[in-house]
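**Q** My structure is in upload.txt, and what it holds is compact mmCIF, C-alpha atoms and all ligand atoms:
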# COMPACT_ATOMS: atom_id res chain seq x y z
CA ARG Q 1 36.84 49.25 111.46
CA GLU Q 2 38.08 49.02 115.06
CA LYS Q 3 36.45 51.44 117.54
CA VAL Q 4 38.74 54.47 118.05
CA GLU Q 5 38.94 55.57 121.68
CA MET Q 6 41.08 58.21 123.39
CA THR Q 7 42.97 57.17 126.51
CA LYS Q 8 42.43 59.05 129.77
CA GLU Q 9 45.83 60.74 129.31
CA GLN Q 10 44.97 61.81 125.76
CA ARG Q 11 41.68 63.33 126.89
CA ALA Q 12 43.48 65.18 129.73
CA LEU Q 13 46.14 66.46 127.32
CA MET Q 14 43.50 67.65 124.85
CA LYS Q 15 41.56 69.41 127.63
CA ALA Q 16 44.72 71.22 128.84
CA ILE Q 17 45.47 72.46 125.33
CA VAL Q 18 41.92 73.53 124.47
CA ASP Q 19 41.56 75.37 127.80
CA ALA Q 20 44.84 77.22 127.17
CA TYR Q 21 43.75 77.99 123.60
CA ASN Q 22 40.44 79.48 124.80
CA ARG Q 23 41.94 81.30 127.78
CA HIS Q 24 44.37 83.28 125.66
CA GLN Q 25 42.68 85.41 123.01
CA ILE Q 26 43.27 88.90 121.62
CA PRO Q 27 41.69 91.36 124.14
CA GLN Q 28 38.31 92.64 122.96
CA ASP Q 29 39.40 96.29 123.10
CA VAL Q 30 42.17 95.55 120.57
CA ALA Q 31 39.84 93.57 118.28
CA LYS Q 32 37.15 96.30 118.62
CA LYS Q 33 39.59 98.91 117.26
CA LEU Q 34 39.15 97.16 113.91
CA LEU Q 35 35.73 98.74 113.60
CA GLN Q 36 36.59 102.17 114.97
CA GLU Q 37 39.79 103.57 113.52
CA GLN Q 38 39.57 105.23 110.12
CA TYR Q 39 40.80 103.66 106.88
CA SER Q 40 44.23 104.63 105.62
CA ALA Q 41 47.07 102.31 104.63
CA GLU Q 42 49.04 103.79 107.52
CA GLU Q 43 46.21 103.35 110.04
CA ASN Q 44 45.56 99.81 108.82
CA PHE Q 45 49.21 98.88 109.11
CA LEU Q 46 49.37 100.27 112.66
CA LEU Q 47 46.22 98.35 113.65
CA LEU Q 48 47.52 95.11 112.18
CA THR Q 49 50.85 95.66 113.93
CA GLU Q 50 49.05 96.17 117.21
CA MET Q 51 47.00 92.99 116.66
CA ALA Q 52 50.10 91.03 115.67
CA THR Q 53 51.89 92.19 118.81
CA SER Q 54 48.94 91.23 120.96
CA GLN Q 55 48.69 87.90 119.12
CA VAL Q 56 52.36 87.12 119.83
CA GLN Q 57 51.77 87.70 123.54
CA VAL Q 58 48.72 85.41 123.38
CA LEU Q 59 50.76 82.73 121.59
CA VAL Q 60 53.58 82.86 124.16
CA GLU Q 61 51.07 82.32 126.97
CA PHE Q 62 49.36 79.49 125.06
CA THR Q 63 52.71 77.81 124.35
CA LYS Q 64 53.74 77.92 128.01
CA ASN Q 65 50.59 75.91 128.78
CA ILE Q 66 51.40 73.10 126.35
CA PRO Q 67 52.16 70.15 128.67
CA GLY Q 68 55.87 69.41 128.55
CA PHE Q 69 56.91 72.64 126.79
CA LEU Q 70 58.41 74.27 129.88
CA SER Q 71 60.50 71.18 130.61
CA LEU Q 72 62.28 71.57 127.24
CA ASP Q 73 65.72 73.20 127.13
CA ARG Q 74 65.25 76.96 127.62
CA GLU Q 75 67.02 77.92 124.38
CA ASP Q 76 64.96 75.35 122.47
CA GLN Q 77 61.79 76.94 123.87
CA ILE Q 78 62.90 80.27 122.35
CA ALA Q 79 63.89 78.62 119.04
CA LEU Q 80 60.46 76.95 118.78
CA LEU Q 81 58.62 80.21 119.53
CA LYS Q 82 60.65 82.28 117.07
CA GLY Q 83 60.37 79.61 114.39
CA SER Q 84 56.64 79.05 114.68
CA THR Q 85 55.10 82.44 115.49
CA VAL Q 86 54.30 83.49 111.93
CA GLU Q 87 52.79 80.09 111.07
CA ALA Q 88 50.75 80.00 114.29
CA MET Q 89 49.50 83.51 113.52
CA PHE Q 90 48.48 82.63 109.98
CA LEU Q 91 46.66 79.63 111.43
CA ARG Q 92 44.94 81.79 114.03
CA SER Q 93 43.97 84.57 111.64
CA ALA Q 94 42.66 81.93 109.20
CA GLN Q 95 40.55 80.41 111.95
CA VAL Q 96 39.28 83.86 112.88
CA PHE Q 97 38.20 84.39 109.28
CA SER Q 98 36.55 80.99 108.95
CA ARG Q 99 34.82 81.44 112.32
CA LYS Q 100 33.04 84.48 110.81
CA MET Q 101 33.72 86.90 113.65
CA PRO Q 102 30.78 88.79 115.20
CA ASN Q 103 29.17 91.88 113.63
CA GLY Q 104 31.07 92.12 110.38
CA HIS Q 105 34.53 92.07 111.96
CA THR Q 106 35.60 89.64 109.24
CA VAL Q 107 34.74 92.03 106.41
CA VAL Q 108 36.50 94.91 108.15
CA LEU Q 109 39.52 92.78 108.96
CA GLU Q 110 39.80 91.61 105.34
CA GLU Q 111 39.44 95.20 104.15
CA ARG Q 112 42.23 96.38 106.43
CA ILE Q 113 44.56 93.54 105.51
CA ARG Q 114 43.97 94.24 101.81
CA LYS Q 115 44.76 97.91 102.35
CA SER Q 116 47.82 97.76 104.60
CA GLY Q 117 50.65 97.92 102.12
CA ILE Q 118 50.94 94.15 101.70
CA PRO Q 119 52.13 93.56 98.11
CA ASP Q 120 49.44 91.87 95.97
CA GLU Q 121 51.55 88.79 95.19
CA PHE Q 122 51.24 87.78 98.88
CA MET Q 123 47.56 88.65 99.16
CA THR Q 124 46.41 85.78 96.91
CA PRO Q 125 48.23 82.92 98.68
CA MET Q 126 47.22 84.37 102.05
CA PHE Q 127 43.50 84.52 101.28
CA ASN Q 128 43.64 81.16 99.48
CA PHE Q 129 45.02 79.73 102.71
CA TYR Q 130 42.24 81.38 104.73
CA LYS Q 131 39.70 79.80 102.36
CA SER Q 132 41.32 76.34 102.52
CA ILE Q 133 41.28 76.46 106.33
CA GLY Q 134 37.65 77.62 106.32
CA GLU Q 135 36.63 74.70 104.07
CA LEU Q 136 37.95 72.22 106.66
CA HIS Q 137 35.37 73.32 109.25
CA MET Q 138 37.78 72.40 112.05
CA VAL Q 139 36.33 72.02 115.53
CA GLN Q 140 37.97 74.05 118.27
CA GLU Q 141 39.88 71.04 119.63
CA GLU Q 142 41.42 70.44 116.21
CA GLN Q 143 42.38 74.12 115.90
CA ALA Q 144 44.05 74.13 119.32
CA ILE Q 145 45.98 70.87 118.79
CA LEU Q 146 47.01 71.78 115.25
CA THR Q 147 48.43 75.05 116.65
CA ALA Q 148 50.36 73.09 119.32
CA ILE Q 149 51.69 70.74 116.60
CA THR Q 150 52.86 73.75 114.56
CA ILE Q 151 54.71 75.17 117.57
CA LEU Q 152 56.30 71.81 118.47
CA MET Q 153 57.95 71.40 115.05
CA PRO Q 154 61.33 69.64 115.73
CA ASP Q 155 63.06 70.91 112.58
CA ARG Q 156 62.91 74.63 113.40
CA PRO Q 157 66.30 76.44 113.09
CA TYR Q 158 68.64 76.21 116.13
CA VAL Q 159 66.67 73.50 117.98
CA LYS Q 160 69.29 71.37 119.79
CA ASP Q 161 67.34 68.55 121.45
CA HIS Q 162 65.44 67.42 118.34
CA GLN Q 163 64.18 64.25 119.96
CA ALA Q 164 62.59 65.89 123.00
CA VAL Q 165 60.49 68.11 120.69
CA GLU Q 166 59.68 65.18 118.39
CA ARG Q 167 58.37 63.16 121.37
CA LEU Q 168 56.05 66.01 122.41
CA GLN Q 169 54.83 66.58 118.86
CA GLU Q 170 54.22 62.89 118.32
CA THR Q 171 51.97 62.78 121.41
CA MET Q 172 49.95 65.65 119.94
CA LEU Q 173 49.79 64.00 116.50
CA ASN Q 174 48.38 60.83 118.07
CA VAL Q 175 45.66 62.83 119.80
CA LEU Q 176 44.85 64.75 116.59
CA ARG Q 177 44.66 61.55 114.54
CA LYS Q 178 42.05 60.04 116.90
CA LEU Q 179 40.17 63.32 117.16
CA CYS Q 180 39.85 63.56 113.37
CA VAL Q 181 38.41 60.04 113.17
CA LEU Q 182 35.96 60.80 115.97
CA GLN Q 183 34.91 64.22 114.65
CA HIS Q 184 34.88 63.45 110.90
CA PRO Q 185 34.05 59.71 110.64
CA GLN Q 186 32.88 60.15 107.03
CA GLU Q 187 36.20 61.61 105.83
CA GLN Q 188 38.93 58.96 105.83
CA GLN Q 189 41.64 61.44 104.82
CA TYR Q 190 40.64 64.35 107.05
CA PHE Q 191 43.73 63.99 109.27
CA ALA Q 192 46.00 63.93 106.19
CA ARG Q 193 44.25 67.06 104.82
CA LEU Q 194 44.87 68.87 108.12
CA LEU Q 195 48.59 68.03 108.02
CA GLY Q 196 48.68 69.19 104.41
CA ARG Q 197 47.74 72.66 105.66
CA LEU Q 198 50.98 72.70 107.71
CA THR Q 199 52.91 72.46 104.43
CA GLU Q 200 50.95 75.41 103.05
CA LEU Q 201 51.84 77.31 106.26
CA ARG Q 202 55.55 76.87 105.54
CA THR Q 203 55.13 78.48 102.13
CA LEU Q 204 53.22 81.37 103.68
CA SER Q 205 55.95 81.96 106.24
CA HIS Q 206 58.48 82.29 103.40
CA TYR Q 207 56.19 84.85 101.75
CA HIS Q 208 55.93 86.58 105.11
CA ALA Q 209 59.70 87.04 105.35
CA GLU Q 210 59.53 88.85 101.99
CA MET Q 211 56.54 90.90 103.21
CA LEU Q 212 58.65 92.06 106.15
CA THR Q 213 61.48 93.08 103.84
CA SER Q 214 59.17 95.05 101.57
CA TRP Q 215 57.57 96.78 104.57
CA LYS Q 216 61.00 97.61 105.96
CA MET Q 217 62.00 99.06 102.59
CA ASN Q 218 58.99 101.36 102.74
CA ASP Q 219 60.20 102.38 106.18
CA HIS Q 220 57.30 100.76 108.10
CA LYS Q 221 57.88 100.54 111.87
CA PHE Q 222 57.26 97.44 113.99
CA THR Q 223 56.93 97.09 117.77
CA PRO Q 224 59.97 95.94 119.84
CA LEU Q 225 58.30 92.55 120.45
CA LEU Q 226 57.77 91.92 116.72
CA CYS Q 227 61.34 93.07 115.94
CA GLU Q 228 62.58 90.62 118.58
CA ILE Q 229 60.53 87.63 117.48
CA TRP Q 230 60.86 88.25 113.72
CA ASP Q 231 64.51 89.35 113.75
CA VAL Q 232 63.59 92.71 112.20
CA GLN Q 233 66.28 95.40 112.75
C1 LIG T 301 44.14 88.95 111.55
C2 LIG T 301 45.38 89.12 112.37
C3 LIG T 301 46.53 89.55 111.69
C4 LIG T 301 47.70 89.68 112.41
O1 LIG T 301 48.88 90.06 111.84
C5 LIG T 301 49.01 91.20 110.99
C6 LIG T 301 50.33 91.02 110.32
C7 LIG T 301 50.72 89.91 109.60
C8 LIG T 301 49.89 88.76 109.36
C9 LIG T 301 48.79 88.83 108.51
CL1 LIG T 301 48.43 90.28 107.68
C10 LIG T 301 47.97 87.72 108.32
N1 LIG T 301 48.21 86.56 108.98
C11 LIG T 301 49.30 86.47 109.80
C12 LIG T 301 50.13 87.56 110.03
CL2 LIG T 301 51.46 87.44 111.10
N2 LIG T 301 51.97 90.12 109.14
O2 LIG T 301 52.42 91.30 109.58
C13 LIG T 301 51.41 91.87 110.30
C14 LIG T 301 51.52 93.22 110.94
C15 LIG T 301 52.85 93.34 111.65
C16 LIG T 301 51.34 94.29 109.88
C17 LIG T 301 47.73 89.37 113.74
C18 LIG T 301 46.59 88.96 114.40
C19 LIG T 301 45.41 88.83 113.75
C20 LIG T 301 44.28 88.39 114.54
C21 LIG T 301 44.37 87.16 115.23
C22 LIG T 301 43.36 86.74 116.09
C23 LIG T 301 42.24 87.55 116.24
C24 LIG T 301 41.03 87.44 116.99
C25 LIG T 301 40.65 86.35 117.92
O3 LIG T 301 41.49 85.40 118.16
O4 LIG T 301 39.52 86.36 118.41
C26 LIG T 301 40.24 88.57 116.74
N3 LIG T 301 40.96 89.33 115.87
C27 LIG T 301 40.50 90.63 115.34
C28 LIG T 301 42.14 88.76 115.53
C29 LIG T 301 43.16 89.22 114.67
Transcribe the structure of this file into structure tokens.
**A**
Amino acid sequence: REKVEMTKEQRALMKAIVDAYNRHQIPQDVAKKLLQEQYSAEENFLLLTEMATSQVQVLVEFTKNIPGFLSLDREDQIALLKGSTVEAMFLRSAQVFSRKMPNGHTVVLEERIRKSGIPDEFMTPMFNFYKSIGELHMVQEEQAILTAITILMPDRPYVKDHQAVERLQETMLNVLRKLCVLQHPQEQQYFARLLGRLTELRTLSHYHAEMLTSWKMNDHKFTPLLCEIWDVQ
């Protein structure tokens, strides 16, 4: 097989995305709260809401650092963010689980998610997704670029300049394809398996819309930022 090499531009692009991905993380004091606060469905829901809000802020900062994103049409930038936040958050929380967070955070986090008023029918697909992401053993570069690819999805609702987004996403897909060959030379189909996870993400985001409705019915409150980005009244 021909030797796969990344061009100078592709290496620079990957570095920019990985640096942005590492620079923006949930602040430690928010993550630490996982271990401190007591266990009640209410308390768990509030903690998860706080983490979700913090995660959205992290995602917005990461997205702004994706080369080319800020030169997109302003309204398309908003449409991409609104359309991809839930998927990017499922991806991030899955990576957090598979990374086995320090000192038992993972166990506590799973416990709180399981006891936060999320209906059981969504719990199974969510934790199956976490498992399927964990089994991929993605390297950090793959996680960062896959997140950028999820955000730069041209077919999100209300995106006007489809092509401009497609061009950016295509550049990322080319980098990811080479990266997968370089990082997982034994697995021919690794790149295809990664993209298959993006399909699973779509299904999860449909479940998530129903989760929001059921939380709203039980009169759960969200933060202004989550209401804004998830169109919750
Ligand atoms: C793990 C989680 C959940 C979360 O959202 C919690 C929610 C979700 C929901 C659910 Cl449960 C699962 N996946 C995606 C969604 Cl979006 N849906 O609604 C809510 C709230 C509003 C109740 C938001 C953020 C994190 C999260 C992300 C990154 C890190 C992280 C690091 O990067 O180092 C360290 N910690 C402790 C993290 C926690």
**Q** All residues within 6 Å of ligand LIG 301 (chain T) are required, counting only C-alpha atoms and all ligand atoms; please report them as a VMD selection string.
**A** chain Q and resid 25 to 26 31 45 48 to 49 51 to 52 55 86 89 to 90 92 to 93 96 113
**Q** Name the closest residue to Ile229 (chain Q) among the candidates Q:Thr124, Q:Gln57, Q:Thr147, Q:Thr213; distances are taken between atoms, counting all atoms listed in the file.
**A** Q:Gln57
**Q** May I ask for the distance between CA of Arg193 (chain Q) and CA of Met172 (chain Q), given in Å to one decimal place?
**A**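 It comes out at 16.2 Å.
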**Q** With all atoms listed in the file as the basis for distance, which of Q:Ile17, Q:His24, Q:Ser40, Q:Leu91 is at the shortest distance from Pro67 (chain Q)?
**A**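 With all atoms listed in the file as the atom set, the closest residue is Q:Ile17.
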**Q** Kindly provide, as a PyMOL selection string, the polymer residues lying within 9 Å of (50.2, 74.4, 125.6), counting all atoms listed in the file and using the coordinates exactly as they appear in the file.
**A** chain Q and resi 16-21+61-69+144-145+148
**Q** List as a list in words the protein and nucleic acid residues near Gln38 (chain Q), meaning an atom at most 12 Å away when only C-alpha atoms are counted, but skip any in the same chain fewer than 3 places from it.
**A**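 Close residues of Gln38 (chain Q): Lys33, Leu34, Leu35, Ala41, Glu42, Glu43, Asn44, Phe45, Leu46, Leu47, Val108, Glu111, Arg112 and Lys115 of chain Q.
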**Q** Return the single residue from Q:Leu194, Q:Leu168, Q:Val60, Q:Val139 that is closest to Leu72 (chain Q), with distances computed using all atoms listed in the file.
**A**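 Nearest to Leu72 (chain Q): Q:Leu168.
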**Q** Considering only C-alpha atoms, state which residue in the set Q:Met138, Q:Asp76, Q:Leu109, Q:Val232 is at the smallest distance from Lys32 (chain Q).
**A**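 Of the candidates, the smallest distance to Lys32 (chain Q) is held by Q:Leu109.
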**Q** Could you tell me which of Q:Val181, Q:Met211, Q:Ala164, Q:Met153 comes closest to Thr199 (chain Q) if we count all atoms listed in the file?
**A**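 Using all atoms listed in the file, Thr199 (chain Q) sits closest to Q:Met153.
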**Q** Just want the 12 Å neighbourhood of Gly196 (chain Q), counted on only C-alpha atoms, with same-chain residues fewer than 6 positions away dropped. Output as a list in words.
**A**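 Neighbouring residues, sequence-local ones excluded: Phe129, Ser132, Ile133, Leu136, Leu146, Thr150, Gln189, Tyr190, Arg202 and Thr203 of chain Q.
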**Q** The selected residues should be written to file as a PDB file, in the coordinates of the input (atoms: C-alpha atoms).
**A**
ATOM      1  CA  PHE Q 129      45.020  79.730 102.710  1.00  0.00           C
ATOM      2  CA  SER Q 132      41.320  76.340 102.520  1.00  0.00           C
ATOM      3  CA  ILE Q 133      41.280  76.460 106.330  1.00  0.00           C
ATOM      4  CA  LEU Q 136      37.950  72.220 106.660  1.00  0.00           C
ATOM      5  CA  LEU Q 146      47.010  71.780 115.250  1.00  0.00           C
ATOM      6  CA  THR Q 150      52.860  73.750 114.560  1.00  0.00           C
ATOM      7  CA  GLN Q 189      41.640  61.440 104.820  1.00  0.00           C
ATOM      8  CA  TYR Q 190      40.640  64.350 107.050  1.00  0.00           C
ATOM      9  CA  ARG Q 202      55.550  76.870 105.540  1.00  0.00           C
ATOM     10  CA  THR Q 203      55.130  78.480 102.130  1.00  0.00           C
TER      11      THR Q 203
END
**Q** When you draw a straight line from CA of Tyr39 (chain Q) to CA of Ala94 (chain Q), how long is it in Å?
**A**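 Those two atoms sit 21.9 Å apart.
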**Q** Rounded to one decimal, what separation in Å do you get between CA of Asp29 (chain Q) and CA of Thr85 (chain Q)?
**A**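 Rounded to one decimal, the two atoms are 22.3 Å apart.
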**Q** Which of these residues is nearest to Ser84 (chain Q), using all atoms listed in the file: Q:Ile149, Q:Ala12, Q:Met6, Q:Ala192?
**A**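 Result for the nearest residue to Ser84 (chain Q): Q:Ile149.
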